[in-house]
Amino acid sequence: MSGPSHEKDTPIEDRRQLVEYLESGCKPREAWRIGTEHEKFGFRLDDLRPLPWEGERGIEAVLRGLTRFAWEPVEENGKLIALIRPDGASVTLEPAGQLELSGAMLETIHQTCREVTQHLKEVKAVGDELGVGFLGMGFQPKWSREDMPWMPKGRYKIMREYMPKVGKLGLDMMTRTCTVQVNLDFSSEADMVKKFRVSLALQPVATALFADSPFSEGRPNGYLSYRSHIWTDTDPDRTGMLDFVFEDGFGFERYADYILDVPMYFAYRDGTYVDCAGLSFRDFLAGRLAPLPGERPTLRDWSDHLTTAFPEVRLKKYLEMRGADGGPWNRLCALPAFWTGLLYDDQALDAAWDLVRDFSLEERHALRDGVPKYALKLPFRRHTVRELALEALKISGQGLKRRARINANGADEAVFLEPLIEFALANETPAERKLALFHGPWNGSVDPVFREFAY
C-alpha cells in the first residue's frame, strides 16, 4: 500500500482538476515505462514466526540493514517505515510487515528482472545476518490473523479500525496477503480505455496463472488463490470488476466520479493521518469535512485518495494490474512480461481486445468469482480458463517478440513467460503443486514451504 503522496499541495478549485490529474498521465509511446511491485512475508528462521517491527530480528532491523545498499531511510513519527532511492524505487511495509519493493520505472523486462534480482540479493544478505527469511506466496500459509504484527503507520491504524465495519476479510487482506503487480502507461484517453478493458477482462487469467495461496493456518483452505477470494469480502465500495469501464462513454471523467464515491480513509496533514474513514471526498471538495472544517482538498489529497480504491485494475496516472498472487523470483519477472506483451504492442492489444470484447458482464463476473477456487480448470464457454490463458500467453509472447528488446545473450522478453506457459500446458498451478507436496512428501505440514520456497 502506498505512503503519503509526493504530489504538490495545489488547491483544487474546480472538479475538472480531478479529471485533468488522471489525464496528465498520458505519455508518448517512447516514454512508456514498466513499474513492478512485489510483496513478501518475513519470518524467523528458527520458529517461522512473522517479524515484528521492533527488535534485533524485526523488520525495522531489516530496513536498517538495507541502508548499506544506498537506500535512504524514511521515518514516520520517529520510526523507520520505508526506504527510497533517487531512481524512484522504494522499499515499504505493508500492514503486518510484508516487505514491498516498488521498483523504478524501467524500459524493459530485462531491467526489471535485474532490479528484482538485486533487491532479493540485498534482502537475503541482510536476512542471513539476522536469522530471518522471506517467502513469496499469495497468503500467509501458517499463522492466524491474531499472530500477525502491526506496523507503526498511521494510515494502517485507521484502516484497521474501519475494515471490520465493511467486510469480514479486510483485516486478512491487510495482514496476510502478498501480491505482485505491474504499472503500465497509456498514450491517450482512448488508449487508456482499451487497455483498461482488456486488462480487466483478462485479470482472472492472471489470477489463475499465478494462483499460489492454498493454505491458511497450516491447512488447505479450499482455494487455489485465497488471496483473490479475500477481496470479495473486504469492502464492496472500493473493490471489484468495475462494470462501468465497459460502458459507452467511459473515460477519465467517469473514473473520477467512481473515486469520488469511494469513502475516504484519511487526510494527511503535517505528518499526521487525520481519520476520515467512511466520509465523502465530495464533502471535502465542498469544505464540509467534519475532521477538517472549512478546509478543501489539494491535488495531494486527491492523489492519496486514489490509492484507497482496490479494484482488480486501478487507474492513477498509469494502470495497475492487481490480480496476481506473490511468488518466487521468476514469476516476479513473468507478471510484468505478461502484461507488457499484451498492452505495449498494438497488434497484441488488438488481438487481446478481440479475445475479450464479446465477454458478457455475467461471464466476466463468473471468471472473477470462479478462478480463486478453480484457477485454470474453471469451465469457460466450451473449454476452461486454461485455453483462454494459453491464447493470452500466445498473444503476449508475440507482442514481446515484436518489441524486440534483446538482452546481452540475444534473448527477447518473451523468455520471461516460460514459467506461465509451463503452468498452462501442464494445467497445474503453483498452488496445486504445493498441495501435492502437502499431501505427499510434506506429510500434512506447511512448514517445509518456508524452507523450500524462501528467496
# chains A, B, ... in the order shown; residues from 1 in each chain; ligands from 1

$ residues_around --residues "A:Ala309" --least-positions-apart "3" --cutoff "7 Å" --atoms "only C-alpha atoms" --output "list of chain:residue names"
A:Arg238, A:Thr239, A:Val262, A:Leu306

$ select_by_dssp --residues "stretch 256-375 of chain A" --states "helix (DSSP H, G or I)" --output "count of residues only"
60

$ select_by_dssp --residues "stretch 145-378 of chain A" --states "strand (DSSP E or B)" --output "ChimeraX atom specification"
/A:177,179-184,213,215-216,219-220,225,239-240,266-269,272-275,298,310-311,313-315,319-325

$ closest_atom_pairs --of "stretch 373-400 of chain A" --to "stretch 339-355 of chain A" --cutoff "8 Å" --atoms "only C-alpha atoms" --output "tab-separated table"
residue	atom	partner	partner_atom	distance
A:Ala392	CA	A:Ala352	CA	6.9
A:Ile395	CA	A:Ala348	CA	5.6
A:Ser396	CA	A:Gly341	CA	4.1
A:Gly397	CA	A:Gly341	CA	6.1
A:Gln398	CA	A:Ala348	CA	7.1
A:Gly399	CA	A:Gly341	CA	4.6
A:Leu400	CA	A:Gly341	CA	4.7

$ residues_around --residues "A:Val74" --least-positions-apart "2" --cutoff "12 Å" --atoms "only C-alpha atoms" --output "number ranges by chain"
A: 3-4, 60, 63-64, 67, 71-72, 76-85, 90-93, 153

$ write_last_selection --atoms "C-alpha atoms" --output "compact mmCIF listing (two decimals), in the first residue's frame"
# COMPACT_ATOMS: atom_id res chain seq x y z
CA GLY A 3 2.68 6.04 1.56
CA PRO A 4 1.80 9.73 1.51
CA GLU A 60 12.99 -2.33 11.32
CA LEU A 63 15.31 -1.87 6.82
CA ARG A 64 18.33 -0.57 8.75
CA THR A 67 20.57 1.14 4.04
CA TRP A 71 18.78 3.23 0.30
CA GLU A 72 17.75 6.37 2.21
CA GLU A 76 7.09 8.44 10.44
CA ASN A 77 6.87 9.83 13.96
CA GLY A 78 10.49 8.89 14.53
CA LYS A 79 10.08 5.27 13.37
CA LEU A 80 11.74 3.85 10.27
CA ILE A 81 8.97 2.67 7.95
CA ALA A 82 10.40 2.87 4.40
CA LEU A 83 13.45 3.33 2.18
CA ILE A 84 13.82 5.36 -1.01
CA ARG A 85 16.34 5.78 -3.82
CA SER A 90 11.23 2.38 -2.68
CA VAL A 91 11.00 -0.35 -0.06
CA THR A 92 7.89 -0.06 2.09
CA LEU A 93 5.98 -2.02 4.70
CA LYS A 153 1.98 3.54 10.29

$ closest_atom_pairs --of "stretch 228-257 of chain A" --to "stretch 178-197 of chain A" --cutoff "12 Å" --atoms "only C-alpha atoms" --output "Markdown table"
| residue | atom | partner | partner_atom | distance |
| --- | --- | --- | --- | --- |
| A:Ser228 | CA | A:Thr179 | CA | 9.6 |
| A:Ile230 | CA | A:Cys178 | CA | 11.5 |
| A:Met241 | CA | A:Arg197 | CA | 10.1 |
| A:Leu242 | CA | A:Arg197 | CA | 9.7 |
| A:Asp243 | CA | A:Arg197 | CA | 9.6 |
| A:Phe244 | CA | A:Arg197 | CA | 10.0 |
| A:Val245 | CA | A:Arg197 | CA | 6.5 |
| A:Phe246 | CA | A:Arg197 | CA | 6.4 |
| A:Glu247 | CA | A:Arg197 | CA | 9.9 |
| A:Asp248 | CA | A:Val193 | CA | 10.4 |
| A:Gly249 | CA | A:Val193 | CA | 9.7 |
| A:Phe250 | CA | A:Val193 | CA | 7.1 |
| A:Gly251 | CA | A:Val193 | CA | 6.3 |
| A:Phe252 | CA | A:Glu189 | CA | 6.9 |
| A:Glu253 | CA | A:Glu189 | CA | 10.1 |
| A:Arg254 | CA | A:Val193 | CA | 10.9 |
| A:Tyr255 | CA | A:Val193 | CA | 10.4 |

$ write_last_selection --atoms "C-alpha atoms" --output "PDB file, in the first residue's frame"
ATOM      1  CA  SER A 228      -8.048 -13.326  -4.637  1.00  0.00           C
ATOM      2  CA  ILE A 230     -10.244 -12.307   0.200  1.00  0.00           C
ATOM      3  CA  MET A 241     -14.603  -5.629 -11.589  1.00  0.00           C
ATOM      4  CA  LEU A 242     -15.842  -2.065 -12.330  1.00  0.00           C
ATOM      5  CA  ASP A 243     -18.572  -2.886 -14.832  1.00  0.00           C
ATOM      6  CA  PHE A 244     -18.826   0.778 -15.869  1.00  0.00           C
ATOM      7  CA  VAL A 245     -15.407   0.516 -17.547  1.00  0.00           C
ATOM      8  CA  PHE A 246     -17.098  -1.429 -20.371  1.00  0.00           C
ATOM      9  CA  GLU A 247     -19.942   1.071 -20.803  1.00  0.00           C
ATOM     10  CA  ASP A 248     -20.112   3.583 -23.652  1.00  0.00           C
ATOM     11  CA  GLY A 249     -18.597   6.907 -22.700  1.00  0.00           C
ATOM     12  CA  PHE A 250     -16.132   5.557 -20.148  1.00  0.00           C
ATOM     13  CA  GLY A 251     -13.047   7.707 -19.681  1.00  0.00           C
ATOM     14  CA  PHE A 252     -11.104   9.753 -17.177  1.00  0.00           C
ATOM     15  CA  GLU A 253     -14.195  11.664 -16.025  1.00  0.00           C
ATOM     16  CA  ARG A 254     -16.208   8.522 -15.286  1.00  0.00           C
ATOM     17  CA  TYR A 255     -13.341   7.051 -13.280  1.00  0.00           C
TER      18      TYR A 255
END

$ closest_residue --among "A:Gly444, A:Val123, A:Leu332, A:Phe284" --to "A:Gly218" --atoms "only C-alpha atoms"
A:Gly444

$ residues_around --residues "A:Gly222" --least-positions-apart "6" --cutoff "9 Å" --atoms "only C-alpha atoms" --output "list in words"
Pro214, Phe215 and Lys373 of chain A

$ write_last_selection --atoms "C-alpha atoms" --output "PDB file, in the first residue's frame"
ATOM      1  CA  PRO A 214      -3.881 -22.704  -0.998  1.00  0.00           C
ATOM      2  CA  PHE A 215      -3.125 -22.771   2.747  1.00  0.00           C
ATOM      3  CA  LYS A 373     -11.188 -21.782  -6.308  1.00  0.00           C
TER       4      LYS A 373
END

$ atom_distance --atom1 "atom CA of A:Ala286" --atom2 "atom CA of A:Arg15"
10.5 Å

$ closest_residue --among "A:Ser199, A:Thr307, A:Asn427, A:Asn409" --to "A:Leu376" --atoms "only C-alpha atoms"
A:Asn427

$ atom_distance --atom1 "atom CA of A:Glu217" --atom2 "atom CA of A:Val62"
25.2 Å

$ atom_distance --atom1 "atom CA of A:Leu224" --atom2 "atom CA of A:Pro430"
8.5 Å

$ closest_residue --among "A:Leu48, A:Met137, A:Ala96, A:Ala267" --to "A:Gly327" --atoms "only C-alpha atoms"
A:Met137

$ residues_around --residues "A:Asp147" --least-positions-apart "6" --cutoff "12 Å" --atoms "only C-alpha atoms" --output "number ranges by chain"
A: 43, 48-52, 96, 140, 172, 175-176, 217

$ decode --residues "stretch 166-197 of chain A" --atoms "N, CA and C atoms" --output "PDB file, in the first residue's frame"
ATOM      1  N   VAL A 166     -17.024  -2.965   7.232  1.00  0.00           N
ATOM      2  CA  VAL A 166     -17.485  -3.052   5.846  1.00  0.00           C
ATOM      3  C   VAL A 166     -17.241  -4.415   5.201  1.00  0.00           C
ATOM      4  N   GLY A 167     -16.576  -5.329   5.891  1.00  0.00           N
ATOM      5  CA  GLY A 167     -16.324  -6.649   5.338  1.00  0.00           C
ATOM      6  C   GLY A 167     -15.705  -7.567   6.369  1.00  0.00           C
ATOM      7  N   LYS A 168     -15.779  -8.866   6.109  1.00  0.00           N
ATOM      8  CA  LYS A 168     -15.274  -9.844   7.078  1.00  0.00           C
ATOM      9  C   LYS A 168     -13.789 -10.150   6.908  1.00  0.00           C
ATOM     10  N   LEU A 169     -13.239  -9.879   5.727  1.00  0.00           N
ATOM     11  CA  LEU A 169     -11.885 -10.350   5.441  1.00  0.00           C
ATOM     12  C   LEU A 169     -10.880  -9.220   5.213  1.00  0.00           C
ATOM     13  N   GLY A 170     -11.279  -7.992   5.479  1.00  0.00           N
ATOM     14  CA  GLY A 170     -10.385  -6.868   5.237  1.00  0.00           C
ATOM     15  C   GLY A 170      -9.108  -6.921   6.054  1.00  0.00           C
ATOM     16  N   LEU A 171      -9.208  -7.368   7.297  1.00  0.00           N
ATOM     17  CA  LEU A 171      -8.000  -7.457   8.126  1.00  0.00           C
ATOM     18  C   LEU A 171      -7.070  -8.555   7.628  1.00  0.00           C
ATOM     19  N   ASP A 172      -7.630  -9.607   7.057  1.00  0.00           N
ATOM     20  CA  ASP A 172      -6.790 -10.628   6.441  1.00  0.00           C
ATOM     21  C   ASP A 172      -6.100 -10.071   5.202  1.00  0.00           C
ATOM     22  N   MET A 173      -6.826  -9.282   4.410  1.00  0.00           N
ATOM     23  CA  MET A 173      -6.198  -8.642   3.256  1.00  0.00           C
ATOM     24  C   MET A 173      -5.002  -7.821   3.698  1.00  0.00           C
ATOM     25  N   MET A 174      -5.150  -7.077   4.782  1.00  0.00           N
ATOM     26  CA  MET A 174      -4.084  -6.201   5.240  1.00  0.00           C
ATOM     27  C   MET A 174      -2.886  -6.976   5.775  1.00  0.00           C
ATOM     28  N   THR A 175      -3.137  -8.024   6.527  1.00  0.00           N
ATOM     29  CA  THR A 175      -2.058  -8.652   7.285  1.00  0.00           C
ATOM     30  C   THR A 175      -1.521  -9.944   6.686  1.00  0.00           C
ATOM     31  N   ARG A 176      -2.308 -10.627   5.847  1.00  0.00           N
ATOM     32  CA  ARG A 176      -1.901 -11.984   5.463  1.00  0.00           C
ATOM     33  C   ARG A 176      -1.835 -12.214   3.958  1.00  0.00           C
ATOM     34  N   THR A 177      -1.819 -11.146   3.151  1.00  0.00           N
ATOM     35  CA  THR A 177      -1.722 -11.322   1.703  1.00  0.00           C
ATOM     36  C   THR A 177      -0.467 -10.670   1.149  1.00  0.00           C
ATOM     37  N   CYS A 178       0.000 -11.202   0.028  1.00  0.00           N
ATOM     38  CA  CYS A 178       1.101 -10.624  -0.737  1.00  0.00           C
ATOM     39  C   CYS A 178       0.778 -10.746  -2.228  1.00  0.00           C
ATOM     40  N   THR A 179       1.195  -9.742  -2.996  1.00  0.00           N
ATOM     41  CA  THR A 179       0.897  -9.716  -4.423  1.00  0.00           C
ATOM     42  C   THR A 179       2.127  -9.298  -5.205  1.00  0.00           C
ATOM     43  N   VAL A 180       2.057  -9.476  -6.506  1.00  0.00           N
ATOM     44  CA  VAL A 180       2.976  -8.846  -7.445  1.00  0.00           C
ATOM     45  C   VAL A 180       2.108  -8.116  -8.460  1.00  0.00           C
ATOM     46  N   GLN A 181       2.485  -6.892  -8.792  1.00  0.00           N
ATOM     47  CA  GLN A 181       1.699  -6.128  -9.751  1.00  0.00           C
ATOM     48  C   GLN A 181       2.639  -5.341 -10.654  1.00  0.00           C
ATOM     49  N   VAL A 182       2.086  -4.882 -11.781  1.00  0.00           N
ATOM     50  CA  VAL A 182       2.857  -4.057 -12.701  1.00  0.00           C
ATOM     51  C   VAL A 182       2.048  -2.821 -13.054  1.00  0.00           C
ATOM     52  N   ASN A 183       2.750  -1.710 -13.196  1.00  0.00           N
ATOM     53  CA  ASN A 183       2.144  -0.422 -13.532  1.00  0.00           C
ATOM     54  C   ASN A 183       2.587  -0.044 -14.944  1.00  0.00           C
ATOM     55  N   LEU A 184       1.610   0.227 -15.808  1.00  0.00           N
ATOM     56  CA  LEU A 184       1.904   0.481 -17.214  1.00  0.00           C
ATOM     57  C   LEU A 184       1.239   1.765 -17.697  1.00  0.00           C
ATOM     58  N   ASP A 185       1.818   2.378 -18.718  1.00  0.00           N
ATOM     59  CA  ASP A 185       1.401   3.685 -19.213  1.00  0.00           C
ATOM     60  C   ASP A 185       0.392   3.586 -20.350  1.00  0.00           C
ATOM     61  N   PHE A 186      -0.148   4.742 -20.711  1.00  0.00           N
ATOM     62  CA  PHE A 186      -1.066   4.878 -21.843  1.00  0.00           C
ATOM     63  C   PHE A 186      -0.763   6.201 -22.542  1.00  0.00           C
ATOM     64  N   SER A 187      -1.188   6.293 -23.800  1.00  0.00           N
ATOM     65  CA  SER A 187      -0.850   7.477 -24.593  1.00  0.00           C
ATOM     66  C   SER A 187      -1.973   8.501 -24.663  1.00  0.00           C
ATOM     67  N   SER A 188      -3.199   8.059 -24.464  1.00  0.00           N
ATOM     68  CA  SER A 188      -4.362   8.933 -24.636  1.00  0.00           C
ATOM     69  C   SER A 188      -5.527   8.349 -23.850  1.00  0.00           C
ATOM     70  N   GLU A 189      -6.631   9.068 -23.814  1.00  0.00           N
ATOM     71  CA  GLU A 189      -7.805   8.535 -23.137  1.00  0.00           C
ATOM     72  C   GLU A 189      -8.299   7.271 -23.831  1.00  0.00           C
ATOM     73  N   ALA A 190      -8.329   7.277 -25.159  1.00  0.00           N
ATOM     74  CA  ALA A 190      -8.793   6.093 -25.886  1.00  0.00           C
ATOM     75  C   ALA A 190      -7.873   4.898 -25.634  1.00  0.00           C
ATOM     76  N   ASP A 191      -6.569   5.141 -25.574  1.00  0.00           N
ATOM     77  CA  ASP A 191      -5.611   4.069 -25.298  1.00  0.00           C
ATOM     78  C   ASP A 191      -5.800   3.546 -23.881  1.00  0.00           C
ATOM     79  N   MET A 192      -6.026   4.445 -22.948  1.00  0.00           N
ATOM     80  CA  MET A 192      -6.281   4.027 -21.561  1.00  0.00           C
ATOM     81  C   MET A 192      -7.521   3.150 -21.490  1.00  0.00           C
ATOM     82  N   VAL A 193      -8.592   3.565 -22.156  1.00  0.00           N
ATOM     83  CA  VAL A 193      -9.852   2.823 -22.101  1.00  0.00           C
ATOM     84  C   VAL A 193      -9.674   1.409 -22.656  1.00  0.00           C
ATOM     85  N   LYS A 194      -9.001   1.295 -23.783  1.00  0.00           N
ATOM     86  CA  LYS A 194      -8.812  -0.020 -24.392  1.00  0.00           C
ATOM     87  C   LYS A 194      -7.964  -0.911 -23.503  1.00  0.00           C
ATOM     88  N   LYS A 195      -6.880  -0.363 -22.956  1.00  0.00           N
ATOM     89  CA  LYS A 195      -6.011  -1.145 -22.070  1.00  0.00           C
ATOM     90  C   LYS A 195      -6.735  -1.518 -20.782  1.00  0.00           C
ATOM     91  N   PHE A 196      -7.531  -0.599 -20.250  1.00  0.00           N
ATOM     92  CA  PHE A 196      -8.286  -0.877 -19.022  1.00  0.00           C
ATOM     93  C   PHE A 196      -9.246  -2.039 -19.265  1.00  0.00           C
ATOM     94  N   ARG A 197      -9.965  -1.995 -20.374  1.00  0.00           N
ATOM     95  CA  ARG A 197     -10.948  -3.047 -20.659  1.00  0.00           C
ATOM     96  C   ARG A 197     -10.286  -4.406 -20.871  1.00  0.00           C
TER      97      ARG A 197
END
